[in-house]
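Chemist: mmCIF, C-alpha atoms, file coords-v1.cif:
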data_my_file
loop_
_atom_site.group_PDB
_atom_site.id
_atom_site.type_symbol
_atom_site.label_atom_id
_atom_site.label_comp_id
_atom_site.auth_asym_id
_atom_site.auth_seq_id
_atom_site.Cartn_x
_atom_site.Cartn_y
_atom_site.Cartn_z
ATOM 1 C CA MET A 14 16.582 43.696 43.105
ATOM 2 C CA ALA A 15 19.337 41.131 43.152
ATOM 3 C CA GLU A 16 20.268 39.493 46.392
ATOM 4 C CA PRO A 17 23.832 39.293 47.734
ATOM 5 C CA THR A 18 25.637 36.008 47.256
ATOM 6 C CA PRO A 19 24.338 33.711 50.003
ATOM 7 C CA ARG A 20 26.522 31.714 52.311
ATOM 8 C CA ARG A 21 26.972 27.971 51.856
ATOM 9 C CA ASN A 22 23.972 26.901 53.974
ATOM 10 C CA GLN A 23 21.524 29.328 52.386
ATOM 11 C CA PRO A 24 19.735 28.762 49.089
ATOM 12 C CA ARG A 25 20.883 30.984 46.238
ATOM 13 C CA LEU A 26 18.439 33.612 45.113
ATOM 14 C CA ARG A 27 18.319 34.559 41.475
ATOM 15 C CA PRO A 28 19.650 38.019 40.587
ATOM 16 C CA ALA A 29 17.516 40.513 38.721
ATOM 17 C CA PRO A 30 17.033 39.580 35.081
ATOM 18 C CA LEU A 31 19.734 41.035 32.880
ATOM 19 C CA LEU A 32 17.471 40.957 29.820
ATOM 20 C CA PHE A 33 18.658 39.843 26.427
ATOM 21 C CA GLU A 34 20.771 42.307 24.489
ATOM 22 C CA PRO A 35 20.087 42.008 20.728
ATOM 23 C CA ALA A 36 23.275 42.014 18.653
ATOM 24 C CA GLU A 37 22.487 45.353 17.028
ATOM 25 C CA ALA A 38 21.872 46.977 20.428
ATOM 26 C CA ALA A 39 24.998 45.443 21.952
ATOM 27 C CA SER A 40 27.100 46.817 19.089
ATOM 28 C CA ASP A 41 25.995 50.376 19.951
ATOM 29 C CA PRO A 42 28.499 51.648 22.575
ATOM 30 C CA GLU A 43 25.861 54.001 24.002
ATOM 31 C CA HIS A 44 23.386 51.160 24.569
ATOM 32 C CA PHE A 45 23.525 49.311 27.860
ATOM 33 C CA PHE A 46 20.541 47.192 28.898
ATOM 34 C CA ASP A 47 18.241 49.985 27.748
ATOM 35 C CA LEU A 48 19.345 52.241 30.635
ATOM 36 C CA GLU A 49 19.904 55.148 28.260
ATOM 37 C CA SER A 50 16.184 55.164 27.432
ATOM 38 C CA ILE A 51 15.035 55.589 31.052
ATOM 39 C CA ASP A 52 14.168 59.243 31.704
ATOM 40 C CA ASP A 53 12.962 58.976 35.295
ATOM 41 C CA PRO A 54 16.024 59.205 37.572
ATOM 42 C CA ARG A 55 14.317 57.084 40.269
ATOM 43 C CA ARG A 56 13.634 54.281 37.770
ATOM 44 C CA LEU A 57 17.134 54.681 36.330
ATOM 45 C CA LEU A 58 18.724 54.378 39.771
ATOM 46 C CA ALA A 59 16.577 51.356 40.635
ATOM 47 C CA ARG A 60 17.338 49.511 37.383
ATOM 48 C CA ALA A 61 21.040 50.414 37.421
ATOM 49 C CA THR A 62 21.236 49.187 41.016
ATOM 50 C CA GLU A 63 19.524 45.921 40.038
ATOM 51 C CA LEU A 64 22.027 45.421 37.240
ATOM 52 C CA THR A 65 24.976 46.237 39.506
ATOM 53 C CA GLN A 66 23.844 43.686 42.068
ATOM 54 C CA ALA A 67 23.117 41.098 39.383
ATOM 55 C CA PHE A 68 26.574 41.516 37.873
ATOM 56 C CA ARG A 69 28.207 41.291 41.304
ATOM 57 C CA ALA A 70 26.275 38.114 42.111
ATOM 58 C CA ALA A 71 27.200 36.653 38.722
ATOM 59 C CA ALA A 72 30.861 37.589 39.189
ATOM 60 C CA ASP A 73 30.945 36.063 42.688
ATOM 61 C CA ARG A 74 29.414 32.848 41.400
ATOM 62 C CA ALA A 75 31.788 32.713 38.423
ATOM 63 C CA VAL A 76 34.782 33.125 40.764
ATOM 64 C CA GLU A 77 33.533 30.194 42.830
ATOM 65 C CA PHE A 78 33.352 28.052 39.688
ATOM 66 C CA GLN A 79 36.847 29.194 38.683
ATOM 67 C CA ALA A 80 38.150 28.177 42.107
ATOM 68 C CA MET A 81 36.482 24.762 41.982
ATOM 69 C CA ALA A 82 37.856 24.142 38.480
ATOM 70 C CA ALA A 83 41.350 25.210 39.608
ATOM 71 C CA ALA A 84 41.156 22.838 42.576
ATOM 72 C CA GLN A 85 40.043 19.986 40.349
ATOM 73 C CA LEU A 86 42.808 20.672 37.836
ATOM 74 C CA ALA A 87 45.417 20.748 40.633
ATOM 75 C CA ASP A 88 44.130 17.570 42.302
ATOM 76 C CA PRO A 89 47.185 15.356 42.933
ATOM 77 C CA ARG A 90 45.074 12.265 42.178
ATOM 78 C CA ARG A 91 44.728 13.350 38.546
ATOM 79 C CA PHE A 92 47.302 11.888 36.191
ATOM 80 C CA ASP A 93 47.038 15.079 34.126
ATOM 81 C CA ARG A 94 47.011 17.537 37.024
ATOM 82 C CA LEU A 95 48.268 21.048 36.470
ATOM 83 C CA THR A 96 50.689 23.017 38.586
ATOM 84 C CA PRO A 97 49.639 26.384 39.988
ATOM 85 C CA ALA A 98 51.891 27.972 37.364
ATOM 86 C CA ASP A 99 50.037 26.123 34.586
ATOM 87 C CA ILE A 100 46.670 27.144 36.017
ATOM 88 C CA ALA A 101 47.848 30.740 36.391
ATOM 89 C CA GLU A 102 48.948 30.853 32.770
ATOM 90 C CA GLN A 103 45.683 29.385 31.519
ATOM 91 C CA ALA A 104 43.496 31.697 33.636
ATOM 92 C CA GLU A 105 45.745 34.764 33.224
ATOM 93 C CA TRP A 106 46.426 34.955 36.974
ATOM 94 C CA THR A 107 49.608 35.264 38.985
ATOM 95 C CA GLU A 108 50.925 32.023 40.402
ATOM 96 C CA ASP A 109 50.230 33.208 43.970
ATOM 97 C CA TYR A 110 46.631 33.965 43.069
ATOM 98 C CA ALA A 111 46.293 30.549 41.420
ATOM 99 C CA LYS A 112 47.496 28.893 44.643
ATOM 100 C CA LYS A 113 44.903 30.827 46.655
ATOM 101 C CA MET A 114 42.184 29.930 44.171
ATOM 102 C CA VAL A 115 43.126 26.243 44.355
ATOM 103 C CA GLU A 116 42.797 26.370 48.157
ATOM 104 C CA PHE A 117 39.524 28.292 47.943
ATOM 105 C CA GLY A 118 38.231 25.755 45.442
ATOM 106 C CA ARG A 119 39.222 22.857 47.684
ATOM 107 C CA ASP A 120 37.300 24.453 50.536
ATOM 108 C CA LEU A 121 34.265 24.928 48.303
ATOM 109 C CA LEU A 122 34.435 21.343 47.090
ATOM 110 C CA ARG A 123 34.595 20.146 50.703
ATOM 111 C CA GLY A 124 31.597 22.322 51.532
ATOM 112 C CA VAL A 125 33.524 24.710 53.772
ATOM 113 C CA ASP A 126 32.698 28.401 53.570
ATOM 114 C CA ALA A 127 36.226 29.742 53.087
ATOM 115 C CA ARG A 128 35.045 33.364 53.164
ATOM 116 C CA GLY A 129 34.628 33.302 56.916
ATOM 117 C CA PRO A 130 31.668 34.602 58.870
ATOM 118 C CA ASP A 131 29.063 36.682 57.140
ATOM 119 C CA PRO A 132 29.769 40.353 58.032
ATOM 120 C CA VAL A 133 26.078 41.232 57.800
#
Once more with this new file: its structure as structure tokens, please.
Modeler:
Amino acid sequence: MAEPTPRRNQPRLRPAPLLFEPAEAASDPEHFFDLESIDDPRRLLARATELTQAFRAAADRAVEFQAMAAAQLADPRRFDRLTPADIAEQAEWTEDYAKKMVEFGRDLLRGVDARGPDPV
């Protein structure tokens, strides 16, 4: 099973393998990582749960990279820096969200865990 996204001082664990989706399988709307072929409900639940956790971990990690990129693009030391409005337009965000992502990215780049204490 995939592991939750670790905090800054913990090593990242790899999520469950997503497995390659061949083009012909991916084009079939009923096909999704071969889940439709699993008849055993216990195996289906286990694999679907693995995929859910893997996608969540991947999404969390991608958001962190978005935030770091936004912070770098907004860096006032850059001659070509972007405003939050420019970043929002490029990323299809609202300007307020872009501002929050820039701050989150700055915290990540400084090595600060901006998410606060781990609730677990």
Chemist: Skip region 79-96 of chain A itself and residues of its chain fewer than 6 positions away, then list as a ChimeraX atom specification all residues within 12 Å of it, counting all atoms listed in the file.
Modeler: /A:72-73,102-106,108-124,127
Chemist: Quick one: pull the distance between CA of Phe45 (chain A) and CA of Val76 (chain A), Å, one decimal.
Modeler: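 The value is 23.6 Å.
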Chemist: For a test of reading the model, state the distance in Å between CA of Asp52 (chain A) and CA of Arg69 (chain A), rounded to one decimal.
Modeler: 24.7 Å
Chemist: Please report, as lines of an AutoDock Vina configuration file, the centre and edge lengths in Å to one decimal of an axis-aligned box covering all listed atoms of region 45-56 of chain A with 6 Å per side.
Modeler:
center_x = 18.2
center_y = 53.2
center_z = 33.9
size_x = 22.6
size_y = 24.1
size_z = 24.8
Chemist: Just give me the gap between CA of Ala61 (chain A) and CA of Leu48 (chain A) in Å, one decimal is fine.
Modeler: 7.2 Å
Chemist: Could you list, as number ranges by chain, every residue matched by the PyMOL selection byres ((chain A and resi 60) around 10) in this structure?
Modeler: A: 14, 29, 31, 46-48, 51, 54-59, 61-66
Chemist: Provide region 103-123 of chain A rebuilt to N, CA, C and O atoms, formatted as a CSV table (one decimal), in the frame of the given file.
Modeler:
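Dumped everything to result-v2.csv:
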chain,number,residue,atom,x,y,z
A,103,GLN,N,46.9,29.6,32.2
A,103,GLN,CA,45.7,29.4,31.5
A,103,GLN,C,44.6,30.4,31.9
A,103,GLN,O,43.9,30.9,31.0
A,104,ALA,N,44.5,30.8,33.2
A,104,ALA,CA,43.5,31.7,33.6
A,104,ALA,C,43.9,33.2,33.6
A,104,ALA,O,43.2,34.0,34.0
A,105,GLU,N,45.2,33.4,33.2
A,105,GLU,CA,45.7,34.8,33.2
A,105,GLU,C,45.8,35.4,34.6
A,105,GLU,O,45.4,36.5,34.9
A,106,TRP,N,46.2,34.6,35.6
A,106,TRP,CA,46.4,35.0,37.0
A,106,TRP,C,47.9,34.9,37.3
A,106,TRP,O,48.7,34.4,36.5
A,107,THR,N,48.3,35.5,38.5
A,107,THR,CA,49.6,35.3,39.0
A,107,THR,C,49.6,33.9,39.6
A,107,THR,O,48.6,33.3,40.0
A,108,GLU,N,50.8,33.3,39.8
A,108,GLU,CA,50.9,32.0,40.4
A,108,GLU,C,50.4,32.0,41.9
A,108,GLU,O,49.8,31.1,42.3
A,109,ASP,N,50.7,33.1,42.6
A,109,ASP,CA,50.2,33.2,44.0
A,109,ASP,C,48.7,33.2,44.0
A,109,ASP,O,48.1,32.6,44.9
A,110,TYR,N,48.1,33.9,43.1
A,110,TYR,CA,46.6,34.0,43.1
A,110,TYR,C,46.1,32.6,42.7
A,110,TYR,O,45.1,32.1,43.3
A,111,ALA,N,46.7,31.9,41.8
A,111,ALA,CA,46.3,30.5,41.4
A,111,ALA,C,46.3,29.6,42.6
A,111,ALA,O,45.4,28.8,42.9
A,112,LYS,N,47.4,29.7,43.4
A,112,LYS,CA,47.5,28.9,44.6
A,112,LYS,C,46.3,29.2,45.6
A,112,LYS,O,45.7,28.3,46.2
A,113,LYS,N,46.0,30.5,45.8
A,113,LYS,CA,44.9,30.8,46.7
A,113,LYS,C,43.6,30.3,46.1
A,113,LYS,O,42.7,29.9,46.8
A,114,MET,N,43.4,30.4,44.8
A,114,MET,CA,42.2,29.9,44.2
A,114,MET,C,42.1,28.4,44.3
A,114,MET,O,41.0,27.9,44.5
A,115,VAL,N,43.2,27.7,44.2
A,115,VAL,CA,43.1,26.2,44.4
A,115,VAL,C,42.7,25.9,45.8
A,115,VAL,O,41.8,25.1,46.0
A,116,GLU,N,43.2,26.6,46.8
A,116,GLU,CA,42.8,26.4,48.2
A,116,GLU,C,41.3,26.7,48.4
A,116,GLU,O,40.6,26.0,49.0
A,117,PHE,N,40.9,27.9,47.8
A,117,PHE,CA,39.5,28.3,47.9
A,117,PHE,C,38.6,27.3,47.3
A,117,PHE,O,37.6,26.9,47.9
A,118,GLY,N,39.0,26.8,46.1
A,118,GLY,CA,38.2,25.8,45.4
A,118,GLY,C,38.2,24.5,46.2
A,118,GLY,O,37.1,23.8,46.3
A,119,ARG,N,39.2,24.1,46.8
A,119,ARG,CA,39.2,22.9,47.7
A,119,ARG,C,38.2,23.0,48.8
A,119,ARG,O,37.5,22.1,49.2
A,120,ASP,N,38.3,24.2,49.4
A,120,ASP,CA,37.3,24.5,50.5
A,120,ASP,C,35.9,24.4,50.0
A,120,ASP,O,35.0,23.8,50.7
A,121,LEU,N,35.6,25.0,48.9
A,121,LEU,CA,34.3,24.9,48.3
A,121,LEU,C,33.8,23.5,48.0
A,121,LEU,O,32.7,23.1,48.3
A,122,LEU,N,34.8,22.7,47.4
A,122,LEU,CA,34.4,21.3,47.1
A,122,LEU,C,34.2,20.5,48.3
A,122,LEU,O,33.4,19.5,48.3
A,123,ARG,N,34.8,20.8,49.4
A,123,ARG,CA,34.6,20.1,50.7
A,123,ARG,C,33.3,20.7,51.4
A,123,ARG,O,32.9,20.1,52.4
